[in-house]
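With CSV, C-alpha atoms and all ligand atoms inside, this is structure34.csv:
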chain,number,residue,atom,x,y,z
B,50,MET,CA,13.8,24.8,5.0
B,51,LYS,CA,10.1,25.3,4.2
B,52,ILE,CA,8.5,22.1,2.9
B,53,LYS,CA,5.0,21.8,1.4
B,54,LEU,CA,3.2,18.5,2.3
B,55,THR,CA,0.1,17.1,0.7
B,56,LYS,CA,-1.6,14.5,3.0
B,57,CYS,CA,-3.5,11.9,1.1
B,58,HIS,CA,-4.8,8.4,1.5
B,59,GLY,CA,-5.7,5.3,-0.5
B,60,SER,CA,-8.3,3.2,1.4
B,61,GLY,CA,-7.3,4.8,4.6
B,62,ASN,CA,-3.6,4.0,4.1
B,63,ASP,CA,-2.2,7.5,4.5
B,64,PHE,CA,0.8,9.3,3.2
B,65,LEU,CA,2.6,12.7,2.9
B,66,ILE,CA,3.5,13.6,-0.7
B,67,ILE,CA,6.6,15.8,-1.1
B,68,ASP,CA,6.7,17.3,-4.6
B,69,GLU,CA,10.2,17.6,-5.9
B,70,ILE,CA,9.0,18.4,-9.4
B,71,SER,CA,7.4,21.7,-8.5
B,72,ASN,CA,9.8,22.6,-5.7
B,73,SER,CA,13.6,22.7,-5.7
B,74,TYR,CA,14.0,20.5,-2.7
B,75,THR,CA,17.1,18.3,-2.5
B,76,PHE,CA,17.5,15.5,0.0
B,77,THR,CA,20.2,13.1,0.8
B,78,GLU,CA,19.3,9.4,1.3
B,79,GLU,CA,19.7,9.9,5.1
B,80,GLU,CA,17.5,13.0,5.1
B,81,ARG,CA,14.7,11.1,3.2
B,82,ALA,CA,14.7,8.4,5.8
B,83,ASN,CA,14.8,10.8,8.7
B,84,LEU,CA,12.0,13.0,7.3
B,85,ALA,CA,9.9,9.8,7.1
B,86,ILE,CA,10.6,8.9,10.7
B,87,ALA,CA,9.9,12.4,11.9
B,88,PHE,CA,6.8,13.3,9.8
B,89,CYS,CA,5.1,9.9,10.1
B,90,ASN,CA,5.2,10.0,13.9
B,91,ARG,CA,1.6,10.0,14.9
B,92,SER,CA,2.3,11.8,18.2
B,93,THR,CA,3.1,14.9,16.1
B,94,GLU,CA,0.7,17.3,14.3
B,95,LEU,CA,1.4,15.3,11.1
B,96,GLY,CA,1.5,11.5,11.2
B,97,ALA,CA,1.3,9.0,8.3
B,98,ASP,CA,2.1,5.5,7.2
B,99,GLY,CA,4.8,6.8,4.9
B,100,ILE,CA,6.2,9.5,2.7
B,101,LEU,CA,5.8,9.5,-1.1
B,102,PHE,CA,8.6,11.6,-2.8
B,103,VAL,CA,7.3,12.7,-6.2
B,104,MET,CA,10.4,13.4,-8.4
B,105,PRO,CA,11.3,14.2,-12.0
B,106,SER,CA,12.0,11.2,-14.2
B,107,LYS,CA,14.0,10.7,-17.3
B,108,GLN,CA,12.0,7.7,-18.4
B,109,ALA,CA,8.4,8.4,-17.3
B,110,ASP,CA,6.1,11.3,-16.5
B,111,ALA,CA,7.3,11.3,-12.8
B,112,ARG,CA,9.1,9.1,-10.3
B,113,MET,CA,7.8,7.8,-7.0
B,114,ARG,CA,10.0,6.8,-4.0
B,115,VAL,CA,8.2,5.3,-1.0
B,116,PHE,CA,9.6,5.5,2.5
B,117,ASN,CA,7.8,3.6,5.4
B,118,ALA,CA,7.2,5.2,8.8
B,119,ASP,CA,10.4,3.5,10.1
B,120,GLY,CA,12.5,5.2,7.4
B,121,SER,CA,12.9,2.0,5.3
B,122,GLU,CA,12.4,2.4,1.5
B,123,ALA,CA,10.0,0.1,-0.3
B,124,SER,CA,10.0,-0.8,-4.0
B,125,MET,CA,6.3,-0.2,-4.4
B,126,CYS,CA,3.1,1.1,-2.7
B,127,GLY,CA,-0.2,0.4,-4.3
B,128,ASN,CA,-2.4,2.8,-2.3
B,129,GLY,CA,0.4,5.4,-2.5
B,130,ILE,CA,0.8,5.2,-6.2
B,131,ARG,CA,-2.9,5.9,-6.7
B,132,CYS,CA,-2.4,9.2,-4.7
B,133,VAL,CA,0.7,9.9,-6.8
B,134,ALA,CA,-1.3,9.2,-9.9
B,135,ARG,CA,-3.9,11.8,-9.0
B,136,TYR,CA,-1.2,14.3,-8.0
B,137,VAL,CA,0.8,13.9,-11.2
B,138,CYS,CA,-2.3,13.8,-13.5
B,139,GLU,CA,-3.6,17.0,-12.0
B,140,LEU,CA,-0.1,18.6,-12.1
B,141,LEU,CA,0.3,17.7,-15.8
B,142,ASN,CA,-3.4,18.1,-16.6
B,143,VAL,CA,-3.6,14.6,-18.1
B,144,GLU,CA,-6.0,11.6,-17.5
B,145,GLU,CA,-3.2,9.0,-17.5
B,146,ALA,CA,0.5,8.8,-16.9
B,147,VAL,CA,3.5,6.5,-16.4
B,148,ILE,CA,5.2,6.5,-13.0
B,149,GLU,CA,8.7,5.3,-12.6
B,150,THR,CA,9.1,3.1,-9.5
B,151,MET,CA,12.1,1.3,-8.1
B,152,LYS,CA,11.6,-1.8,-10.3
B,153,ALA,CA,9.2,-0.8,-13.0
B,154,ASN,CA,7.5,2.0,-14.9
B,155,LEU,CA,3.8,1.6,-14.1
B,156,GLU,CA,0.8,2.8,-16.0
B,157,VAL,CA,-1.8,4.9,-14.0
B,158,LYS,CA,-5.0,6.5,-15.1
B,159,ASN,CA,-8.1,8.3,-13.9
B,160,GLU,CA,-11.1,6.0,-13.7
B,161,ALA,CA,-14.8,6.3,-13.1
B,162,ASP,CA,-15.7,6.8,-9.4
B,163,ILE,CA,-15.6,3.6,-7.3
B,164,PHE,CA,-18.2,5.4,-5.1
B,165,PRO,CA,-20.1,8.7,-5.6
B,166,ASN,CA,-17.7,11.7,-5.5
B,167,ILE,CA,-14.6,9.7,-4.9
B,168,PRO,CA,-11.6,10.5,-7.1
B,169,THR,CA,-10.6,7.1,-8.4
B,170,TYR,CA,-7.5,5.9,-10.1
B,171,LEU,CA,-6.4,2.6,-11.7
B,172,VAL,CA,-2.8,1.6,-11.2
B,173,GLU,CA,-0.7,-1.2,-12.6
B,174,ILE,CA,0.7,-3.6,-10.0
B,175,SER,CA,3.7,-5.5,-11.5
B,176,PRO,CA,6.0,-7.3,-11.9
B,177,VAL,CA,4.5,-10.3,-10.0
B,178,SER,CA,6.9,-13.1,-8.9
B,179,PHE,CA,6.3,-16.3,-6.9
B,180,GLN,CA,10.0,-17.0,-6.7
B,181,THR,CA,11.0,-17.0,-3.0
B,182,LYS,CA,14.4,-15.5,-4.0
B,183,ASP,CA,12.5,-12.3,-5.1
B,184,LEU,CA,11.1,-11.6,-1.7
B,185,PRO,CA,13.6,-12.8,-0.4
B,186,LEU,CA,12.3,-15.8,1.6
B,187,HIS,CA,14.9,-18.4,2.7
B,188,VAL,CA,12.8,-21.6,3.1
B,189,GLY,CA,14.7,-24.1,1.0
B,190,LYS,CA,12.1,-24.0,-1.8
B,191,GLU,CA,11.8,-22.1,-5.1
B,192,THR,CA,8.1,-21.2,-4.4
B,193,LEU,CA,5.8,-21.3,-1.4
B,194,LEU,CA,2.2,-21.9,-2.5
B,195,ASN,CA,-0.3,-22.8,0.2
B,196,GLU,CA,2.3,-24.4,2.3
B,197,LYS,CA,3.0,-24.5,6.0
B,198,ILE,CA,6.0,-22.8,7.6
B,199,GLU,CA,6.2,-24.9,10.8
B,200,SER,CA,8.4,-22.4,12.5
B,201,LEU,CA,5.7,-19.8,12.1
B,202,HIS,CA,2.5,-21.7,12.8
B,203,PRO,CA,1.5,-25.4,13.0
B,204,ASN,CA,-1.6,-25.2,10.8
B,205,LEU,CA,-1.7,-22.0,8.7
B,206,GLU,CA,-0.8,-22.4,5.0
B,207,PHE,CA,1.0,-19.5,3.3
B,208,THR,CA,1.6,-18.2,-0.2
B,209,ALA,CA,4.7,-15.9,-0.8
B,210,LEU,CA,4.9,-13.5,-3.7
B,211,ALA,CA,6.6,-10.2,-4.7
B,212,VAL,CA,4.6,-7.5,-6.5
B,213,PRO,CA,7.4,-6.5,-6.4
B,214,ASN,CA,7.5,-5.7,-2.7
B,215,PRO,CA,7.3,-8.9,-0.6
B,216,HIS,CA,4.0,-10.4,0.7
B,217,LEU,CA,3.2,-13.4,2.9
B,218,ILE,CA,-0.5,-14.3,2.6
B,219,THR,CA,-2.8,-16.8,4.3
B,220,ILE,CA,-6.6,-17.4,3.9
B,221,VAL,CA,-8.2,-17.7,7.3
B,222,ASP,CA,-11.6,-17.4,9.2
B,223,LYS,CA,-12.8,-14.5,11.2
B,224,ALA,CA,-11.8,-15.9,14.5
B,225,THR,CA,-8.2,-16.2,13.3
B,226,ILE,CA,-8.2,-12.7,12.0
B,227,GLU,CA,-9.5,-11.4,15.3
B,228,SER,CA,-6.8,-13.4,17.3
B,229,SER,CA,-3.3,-12.3,18.1
B,230,VAL,CA,-1.7,-14.8,15.6
B,231,GLN,CA,-1.1,-12.2,12.9
B,232,GLU,CA,0.6,-9.8,15.2
B,233,GLU,CA,2.8,-12.6,16.6
B,234,ILE,CA,3.9,-13.9,13.2
B,235,SER,CA,4.3,-10.4,11.7
B,236,SER,CA,6.5,-9.2,14.6
B,237,TYR,CA,8.7,-12.2,14.2
B,238,VAL,CA,9.2,-12.1,10.5
B,239,ASN,CA,9.9,-8.3,10.6
B,240,GLY,CA,12.5,-8.7,13.4
B,241,PRO,CA,15.8,-10.6,13.3
B,242,ASN,CA,14.9,-13.9,11.6
B,243,GLU,CA,16.2,-16.6,9.3
B,244,LEU,CA,13.2,-16.6,6.9
B,245,PHE,CA,12.8,-13.0,5.7
B,246,PRO,CA,16.0,-11.1,6.0
B,247,ASP,CA,14.4,-7.9,4.6
B,248,GLY,CA,11.1,-8.4,6.4
B,249,VAL,CA,7.7,-9.0,4.7
B,250,ASN,CA,4.2,-7.6,4.6
B,251,VAL,CA,1.8,-10.2,6.2
B,252,SER,CA,-1.8,-10.4,5.2
B,253,PHE,CA,-4.7,-12.5,6.6
B,254,VAL,CA,-7.4,-12.9,4.1
B,255,SER,CA,-11.1,-13.9,4.5
B,256,ILE,CA,-13.4,-14.9,1.6
B,257,LEU,CA,-16.5,-12.8,2.1
B,258,ASP,CA,-18.6,-13.9,-0.9
B,259,LYS,CA,-18.1,-14.8,-4.6
B,260,GLY,CA,-16.1,-11.8,-5.9
B,261,SER,CA,-15.3,-10.2,-2.6
B,262,ILE,CA,-12.6,-10.7,0.0
B,263,TYR,CA,-11.4,-9.0,3.2
B,264,VAL,CA,-7.7,-8.3,3.8
B,265,ARG,CA,-6.0,-7.3,7.0
B,266,THR,CA,-2.3,-6.4,6.6
B,267,TYR,CA,0.6,-5.9,9.0
B,268,GLU,CA,3.0,-3.8,6.9
B,269,ARG,CA,6.7,-4.1,6.9
B,270,GLY,CA,8.2,-0.8,8.3
B,271,VAL,CA,4.8,0.4,9.6
B,272,GLY,CA,2.7,-2.2,11.5
B,273,PHE,CA,-1.0,-2.8,11.1
B,274,THR,CA,-2.5,-0.2,8.6
B,275,ASN,CA,-6.0,0.4,7.4
B,276,ALA,CA,-5.1,-1.2,4.1
B,277,CYS,CA,-2.1,-2.1,2.0
B,278,GLY,CA,-2.6,-1.8,-1.8
B,279,THR,CA,0.0,-4.2,-2.9
B,280,ALA,CA,-1.2,-6.7,-0.3
B,281,MET,CA,-4.8,-6.4,-1.5
B,282,SER,CA,-3.7,-6.9,-5.1
B,283,ALA,CA,-1.5,-9.9,-4.1
B,284,SER,CA,-4.4,-11.3,-2.0
B,285,SER,CA,-6.8,-11.0,-4.9
B,286,LEU,CA,-4.4,-13.2,-7.0
B,287,VAL,CA,-4.1,-15.7,-4.2
B,288,SER,CA,-7.9,-15.9,-4.0
B,289,ILE,CA,-7.9,-16.8,-7.7
B,290,LEU,CA,-5.1,-19.4,-7.3
B,291,ASN,CA,-7.3,-21.0,-4.6
B,292,GLY,CA,-10.3,-21.2,-6.8
B,293,PHE,CA,-12.5,-18.6,-5.0
B,294,ASN,CA,-12.3,-16.1,-8.0
B,295,LYS,CA,-11.1,-16.1,-11.6
B,296,SER,CA,-8.7,-14.1,-13.6
B,297,GLY,CA,-10.8,-11.6,-15.6
B,298,ASP,CA,-13.3,-11.1,-12.8
B,299,TYR,CA,-13.4,-7.9,-10.8
B,300,ILE,CA,-12.7,-8.6,-7.1
B,301,GLU,CA,-14.0,-6.2,-4.5
B,302,VAL,CA,-11.4,-6.1,-1.8
B,303,TYR,CA,-12.6,-4.8,1.6
B,304,ASN,CA,-10.3,-3.6,4.4
B,305,ASN,CA,-10.5,-1.5,7.6
B,306,GLY,CA,-10.0,1.7,5.5
B,307,GLY,CA,-12.8,1.0,3.0
B,308,LYS,CA,-12.6,-1.0,-0.2
B,309,VAL,CA,-10.8,-1.2,-3.6
B,310,ARG,CA,-11.3,-3.3,-6.7
B,311,CYS,CA,-8.7,-5.6,-8.3
B,312,TYR,CA,-8.6,-7.1,-11.7
B,313,VAL,CA,-6.0,-9.8,-12.5
B,314,HIS,CA,-4.7,-10.2,-16.0
B,315,GLU,CA,-3.1,-13.6,-16.6
B,316,ASN,CA,-1.1,-14.4,-19.7
B,317,ASP,CA,0.7,-17.7,-20.0
B,318,GLY,CA,1.4,-17.8,-16.3
B,319,ASN,CA,2.4,-14.2,-16.1
B,320,TYR,CA,0.3,-11.8,-14.0
B,321,ARG,CA,-0.4,-8.1,-14.0
B,322,ILE,CA,-2.9,-6.8,-11.4
B,323,ASP,CA,-5.0,-3.6,-11.9
B,324,LEU,CA,-5.7,-1.9,-8.5
B,325,ILE,CA,-8.6,0.5,-8.7
B,326,GLY,CA,-9.6,2.8,-5.8
B,327,ASN,CA,-9.7,6.2,-4.2
B,328,ALA,CA,-7.0,8.8,-4.1
B,329,THR,CA,-8.3,11.2,-1.4
B,330,TYR,CA,-6.6,14.4,-0.3
B,331,VAL,CA,-6.8,15.1,3.5
B,332,TYR,CA,-4.9,18.4,3.9
B,333,GLU,CA,-2.2,20.6,2.6
B,334,ALA,CA,0.4,21.8,5.1
B,335,PHE,CA,3.6,23.8,5.2
B,336,VAL,CA,6.3,23.0,7.8
B,337,GLU,CA,9.6,24.7,8.6
B,338,THR,CA,12.3,22.1,9.4
B,339,ASP,CA,16.0,21.8,9.9
B,340,LEU,CA,17.0,18.7,7.9
B,341,GLU,CA,19.5,17.9,10.6
B,342,LYS,CA,16.7,17.7,13.2
B,343,PRO,CA,13.4,17.1,11.3
B,344,ALA,CA,11.7,15.9,14.5
B,345,ASP,CA,11.8,19.6,15.7
B,346,PHE,CA,9.7,20.7,12.7
B,347,VAL,CA,7.3,23.6,13.1
B,348,LEU,CA,3.8,23.4,11.5
B,349,LEU,CA,3.2,26.7,9.7
B,350,GLU,CA,-0.2,26.0,8.2
B,351,LYS,CA,-2.6,23.2,7.6
B,352,ALA,CA,-5.6,23.5,5.3
B,353,MET,CA,-8.1,20.6,5.6
B,354,GLU,CA,-10.0,19.1,2.6
B,355,GLU,CA,-13.3,18.8,4.4
B,356,GLN,CA,-15.5,17.9,1.4
B,357,GLU,CA,-13.3,15.0,0.4
B,358,ALA,CA,-13.4,13.7,4.0
B,359,ILE,CA,-17.2,13.9,4.0
B,360,HIS,CA,-17.5,12.0,0.7
B,361,TYR,CA,-15.0,9.4,1.7
B,362,SER,CA,-16.7,8.7,5.0
B,363,LYS,CA,-19.8,7.5,3.1
B,364,LEU,CA,-17.7,4.9,1.2
B,365,GLN,CA,-16.1,3.8,4.4
B,366,ASP,CA,-19.4,3.4,6.2
B,367,ALA,CA,-20.8,1.3,3.3
B,368,ALA,CA,-17.7,-0.9,3.2
B,369,GLN,CA,-17.8,-1.5,7.0
B,370,ALA,CA,-21.4,-2.4,6.8
B,371,TYR,CA,-20.7,-5.0,4.2
B,372,ILE,CA,-17.8,-6.4,6.2
B,373,ASN,CA,-19.9,-6.7,9.3
B,374,GLU,CA,-22.5,-8.6,7.4
B,375,LYS,CA,-20.2,-11.0,5.5
B,376,LEU,CA,-17.1,-11.5,7.7
B,377,VAL,CA,-18.1,-14.7,9.6
B,401,LIG,N1,5.1,-1.4,3.7
B,401,LIG,C1,5.4,-1.8,2.3
B,401,LIG,C2,5.4,-0.5,1.5
B,401,LIG,C3,4.1,0.2,1.4
B,401,LIG,C4,3.1,-0.6,0.7
B,401,LIG,C5,1.6,-0.3,1.0
B,401,LIG,N2,1.4,0.9,1.8
B,401,LIG,C6,0.8,-0.4,-0.2
B,401,LIG,O1,-0.2,0.4,-0.3
B,401,LIG,O2,1.1,-1.2,-1.1
B,401,LIG,C7,6.7,-2.5,2.2
B,401,LIG,O3,7.6,-2.2,3.0
B,401,LIG,O4,6.8,-3.3,1.2

Now that the file is in, can you turn its structure into structure tokens?
Amino acid sequence: MKIKLTKCHGSGNDFLIIDEISNSYTFTEEERANLAIAFCNRSTELGADGILFVMPSKQADARMRVFNADGSEASMCGNGIRCVARYVCELLNVEEAVIETMKANLEVKNEADIFPNIPTYLVEISPVSFQTKDLPLHVGKETLLNEKIESLHPNLEFTALAVPNPHLITIVDKATIESSVQEEISSYVNGPNELFPDGVNVSFVSILDKGSIYVRTYERGVGFTNACGTAMSASSLVSILNGFNKSGDYIEVYNNGGKVRCYVHENDGNYRIDLIGNATYVYEAFVETDLEKPADFVLLEKAMEEQEAIHYSKLQDAAQAYINEKLV
């Protein structure tokens, strides 16, 4: 079977888009998971943090399904839906759209460039829940807001929220970010454990300045990535709950892949987060694959998007310079 792949990234978190609207592909659930495991493998000519299946929808302009590199499906992907937003808006020749995801139909729209020559999209991150049952997190409490989990770490204080995929977030200093603590905790809560039966995305956050934070995320089903859009959105909200920023302020969120901007809407204790950032194309490729053995795929062609890479590298350099200056 010949499959067209559009490689893209949001803040360096990279994905392969498979367009089931324009192509008559049909995949079983098992084939979707196995394609993700095979094509995300970075020792191949492809490699990515996940696959984004763009599918027809009966209730929205398009539907997005997200599969992590380990073949697990997630309910949402913030960096990925920006890429899907661009792909669908260009496919339908519109400036905004609604994307059906596992738990919500989300608004997306083309925005002014976050940096010169960077295609930029705003996506809705919701629903937001602080109920531990919505992650799920089994910790004997309805919520976990800046509280210790002694079995994970003696001192760190964590906040748990679902947006709607699950996130565990702690605000720390540079030394802690640069230590092995995040790797140790993340490996544990994403292996067999009593706390997070479905695993969880783990983010260590540093306050850089008023209105700017740094987020490093170990993603469920992937490991450390350059950035995690839902994590950066959730971390922006946690920075507000901790008094470092306010709802209604734009928050610049820096990460190892660049930067995005978040805006938290709060209405009577309910939150919706706007995630604004790049949707950059890396290459277009065609592969020949047997769905029974996708790991044996053959790369037929790969056309790089050089200009987009040049433009994005300027954003990334500027973001890294700011992190180097402010992350102390
Ligand atoms: N690893 C995540 C899914 C991808 C989310 C991330 N790539 C983002 O941009 O939000 C999970 O299993 O919940």

- Expressed in Å, the length from atom CA of Asn117 of chain B to atom CA of Asn239 of chain B is 13.2 Å

Write out as a tab-separated table the residues of chain B that have any atom within 7 Å of an atom of ligand LIG 401 (chain B), one row each with the nearest atom pair and its distance in Å to one decimal, counting all atoms listed in the file, sorted by chain and then rising number.
residue	atom	partner	partner_atom	distance
B:Asn62	CA	B:LIG401	N2	6.3
B:Val115	CA	B:LIG401	C2	6.9
B:Asn117	CA	B:LIG401	N1	5.9
B:Glu122	CA	B:LIG401	O3	6.8
B:Ala123	CA	B:LIG401	O3	4.7
B:Ser124	CA	B:LIG401	O4	6.6
B:Met125	CA	B:LIG401	C2	6.0
B:Cys126	CA	B:LIG401	O2	3.4
B:Gly127	CA	B:LIG401	O2	3.8
B:Asn128	CA	B:LIG401	O1	3.8
B:Gly129	CA	B:LIG401	O1	5.5
B:Asn214	CA	B:LIG401	O4	4.6
B:Pro215	CA	B:LIG401	O4	5.9
B:Val249	CA	B:LIG401	O4	6.7
B:Asn250	CA	B:LIG401	O4	6.1
B:Glu268	CA	B:LIG401	N1	4.5
B:Arg269	CA	B:LIG401	O3	4.4
B:Gly270	CA	B:LIG401	O3	5.5
B:Val271	CA	B:LIG401	N1	6.2
B:Ala276	CA	B:LIG401	O1	6.8
B:Cys277	CA	B:LIG401	O1	3.9
B:Gly278	CA	B:LIG401	O1	3.6
B:Thr279	CA	B:LIG401	O2	3.7
B:Ala280	CA	B:LIG401	O2	6.0

- Query: Near Leu84 of chain B, counting all atoms listed in the file, which residues have an atom at most 8 Å away, once you skip same-chain residues fewer than 3 positions from it, shown as number ranges by chain?
  - Reply: B: 80-81, 87-88, 120, 340, 343-344

How about saving the chosen residues, C-alpha atoms kept, as an mmCIF file, keeping the file's coordinate frame?
data_model
loop_
_atom_site.group_PDB
_atom_site.id
_atom_site.type_symbol
_atom_site.label_atom_id
_atom_site.label_comp_id
_atom_site.auth_asym_id
_atom_site.auth_seq_id
_atom_site.Cartn_x
_atom_site.Cartn_y
_atom_site.Cartn_z
ATOM 1 C CA GLU B 80 17.500 13.000 5.100
ATOM 2 C CA ARG B 81 14.700 11.100 3.200
ATOM 3 C CA ALA B 87 9.900 12.400 11.900
ATOM 4 C CA PHE B 88 6.800 13.300 9.800
ATOM 5 C CA GLY B 120 12.500 5.200 7.400
ATOM 6 C CA LEU B 340 17.000 18.700 7.900
ATOM 7 C CA PRO B 343 13.400 17.100 11.300
ATOM 8 C CA ALA B 344 11.700 15.900 14.500
#

- Query: What does the distance between atom CA of Met113 of chain B and atom CA of Ile67 of chain B come to in Å, to one decimal place?
  - Reply: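 Value for the atom CA of Met113 of chain B-atom CA of Ile67 of chain B distance: 10.0 Å.
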
- Between B:Leu205, B:Val157, B:Pro246, B:Ile167, which one has atoms that come closest to His187 of chain B, using only C-alpha atoms?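 For His187 of chain B, the nearest of the given residues is B:Pro246.
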
- Residues within 9 Å of Asn159 of chain B, all atoms listed in the file, excluding chain neighbours under 3 positions, as a list of chain:residue names: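 Once the adjacent positions are removed, what remains is B:Ala134, B:Arg135, B:Cys138, B:Val143, B:Glu144, B:Glu145, B:Asp162, B:Pro168, B:Thr169, B:Tyr170, B:Leu171, B:Val172.
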
- Have a look at atom CA of Pro165 of chain B and atom CA of His58 of chain B and let me know their distance in Å, one decimal.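 Separating atom CA of Pro165 of chain B from atom CA of His58 of chain B is a distance of 16.9 Å.
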
- Could you pull the residues within 8 Å of Val103 of chain B, counting all atoms listed in the file, minus those fewer than 3 positions along the same chain, as a count of residues only? 10

- Query: Between B:Lys158, B:His202, B:Lys190, B:Lys182, which one has atoms that come closest to Asn142 of chain B, using only C-alpha atoms?
  - Reply: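 Closest to Asn142 of chain B, using only C-alpha atoms: B:Lys158.
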
- Query: With distances taken over all atoms listed in the file, which of B:Tyr330, B:Tyr299, B:Phe253, B:Tyr74 is nearest to Arg131 of chain B?
  - Reply: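 With all atoms listed in the file as the atom set, the closest residue is B:Tyr330.
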
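For Glu94 of chain B, the non-local neighbours within 10 Å, defined as residues at least 5 positions apart in the same chain or in other chains and counting all atoms listed in the file, are Phe88, Cys89, Phe346, Val347, Leu348 and Lys351 of chain B.
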
- Message: Using all atoms listed in the file, which protein or nucleic acid residues come within 8 Å of Ile300 of chain B? Drop anything in the same chain fewer than 6 positions from it, and give the result as a list in words.
- Response: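 The residues that qualify are Gly260, Ser261, Ile262, Ser285, Asn294, Arg310, Cys311 and Tyr312 of chain B.
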